[in-house]
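**Student:** Below: one structure in structure tokens.
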Amino acid sequence: MKKVLFISAAVMVLLLIVGYGYLQFRKYNSFKVHIHNGASLLLKVNVDGLLFEMGYGNKQNKKNVPRGLSIPANVFIYNLHGKSPLTFFCSLPVKDTAALSNYLSKVMNVSFTGRNPDGELSGRSKDGRLTVLYDAKNIAFSYSVVKENATVILNDILKGRNTLKNSDPKIQQLKRSAAHFFYTDEKYSGEGNIKDNLLVMTGSFPIAGLGVPDQSVENMNLIGKPVLKIWLNADLKKFLHRQSLALKNFTIPLDSIAKNYGGYAALELGNYTTQENQEVTYDYNDDFEKVELLKTKKVKVPEFVGVMKGKAIPLVNYLHKNNILQNNLVNKDLFPLYNVYTENDESILLFSTAKTVTKSPAISNTTSFFSATIDFNQIRKFNQFPILNSYIDPFQYLKAKAKKQDASTGQFDLELKLN
């Protein structure tokens, strides 16, 4: 009996050693991927750690794996110095080029432009955001929100030119972290882990130029029980300079608004509120003449309130002058869905779908310059924006805060509960 137990224990230990060795080998191999040496913000996703936490056998996890790729223990995503910060790069091993080609064309809507003399296949998605370049061993791809051309960079990554060496401090920093998510950007870094479907993340980031004050404030709830509450203490003038926002036939010069913006904005979303709309109908009078009638109709619309601090009177005058506001209402040509009313005093401008709203909300001091709380469960329950339901379905709630550490550095803390 003792011999059987000894053999069983030995087999178990051997299996654990083999399993551990296999995972370490996968981890070692994952760092052989090519990362461009111009990487700025560099994110490592610990795939094996996530799968271990969420379950290797999860059918949904297997369903979401792109076809034709060999997913390594770690995946690296980054943007580059000299390129748009909204253009991201990644490289992965290829397992089956035929399956990969089929996946890219049918699922990702990639159209291939042909092979180059080295046998590499290149392509781009129909929306111009995804660009791919791959051979029999690896794929390099970029996703650019601004549709930036990244073919030259991808060619360097695929061929291993201008890439980080294994001894680079950034690579060594990535190796030291066992977190599910870890990012580094020169002086700034952060990490996050998922446990029991809760993502907890913390880190530092640059705030120079944001105009974050030494003492931040927050407003008390403008809505009884908001399902979404976001506020920000920052003047943003550096980022709004010479910028314009184009909406339909309207062009809004943001730097003109920034002149009167006082460095604080907030948004809250609640349940529903009731509005009265005037509808034109027709009827016949006693003389059988067709006449126009105005009929009042009550409709339910999402309740939201937006707040801006600053020189409210000049700002309101500017918005009226540019036809963005009409009789203290947001122009229906600009936002036709429902009425958005405005109220203001000398220092506060409010936008709201409810006519009765506190014109001067209570303000208190806070250590955070940014905060966001979102209750996705309640948003789905209210069903105010059905088009968003499929996007927010994986989430229960979000809580995020950011604090000022010094003139150039901020620290954030985030909780995201998953379903």
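Residues are named by chain letter and number: chains run A, B, ... in the order of the structure tokens, numbers start at 1 in each chain, and ligands are numbered from 1 in the order shown.
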Which residues, written as an MDAnalysis selection string, have at least one atom at most 10 Å from range 313-318 of chain A, with only C-alpha atoms counted and residues fewer than 5 positions away on the same chain left out?
**Tutor:** chainID A and resid 256:261 323:325 328 342:349
**Student:** If we count only C-alpha atoms, what is near Glu303 in chain A at a cut-off of 8 Å, once residues fewer than 5 positions away on the same chain are taken out, given as a compact mmCIF listing (two decimals) with C-alpha atoms, in the first residue's frame?
**Tutor:**
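result37.txt written:
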```txt
# COMPACT_ATOMS: atom_id res chain seq x y z
CA LEU A 269 -26.91 59.66 -16.34
CA GLY A 270 -30.00 58.44 -14.49
CA ASN A 271 -33.23 56.64 -15.29
CA TYR A 272 -35.90 58.33 -17.43
CA THR A 273 -37.41 61.79 -17.33
CA SER A 352 -30.01 68.61 -18.99
CA THR A 353 -32.92 66.64 -20.43
CA ALA A 354 -34.96 67.66 -17.36
```
**Student:** I need the residues in range 8-166 of chain A that are alpha helix (DSSP H) according to DSSP; give them as a VMD selection string.
**Tutor:** chain A and resid 8 to 30 47 to 54 59 to 63 97 to 106 151 to 159
**Student:** Tell me which of A:Asn249, A:Asn197, A:Gln172, A:Thr367 sits closest to Ser216 in chain A, counting only C-alpha atoms.
**Tutor:**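 Checking each candidate against Ser216 in chain A, we get A:Thr367 as the closest.
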**Student:** Write out as a PyMOL selection string the set of residues from range 70-302 of chain A that DSSP, computed on the backbone, places in strand (DSSP E or B).
**Tutor:** chain A and resi 74-80+87-94+110-115+121-125+130-134+138-144+163+181-185+188-195+198-206+216-219+228-233+244-247+250-253+261-284+290-302
**Student:** Got a sec: who's within 7 Å of Ser368 in chain A, counting only C-alpha atoms, leaving out chain neighbours fewer than 2 positions off, as a PyMOL selection string?
**Tutor:** chain A and resi 216+366+370-371+401-403
**Student:** Let me make sure I understand: among A:Ala179, A:Leu334, A:Asp196, A:Ile379, which one has the smallest atom-to-atom distance to Ala246 in chain A if we use only C-alpha atoms?
**Tutor:**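 Comparing A:Ala179, A:Leu334, A:Asp196, A:Ile379 against Ala246 in chain A, the winner is A:Leu334.
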**Student:** Ranking A:Lys417, A:Lys332, A:Lys297, A:His36 by minimum distance to Ile171 in chain A and counting only C-alpha atoms, which one comes first?
**Tutor:**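 Using only C-alpha atoms, the shortest distance to Ile171 in chain A belongs to A:His36.
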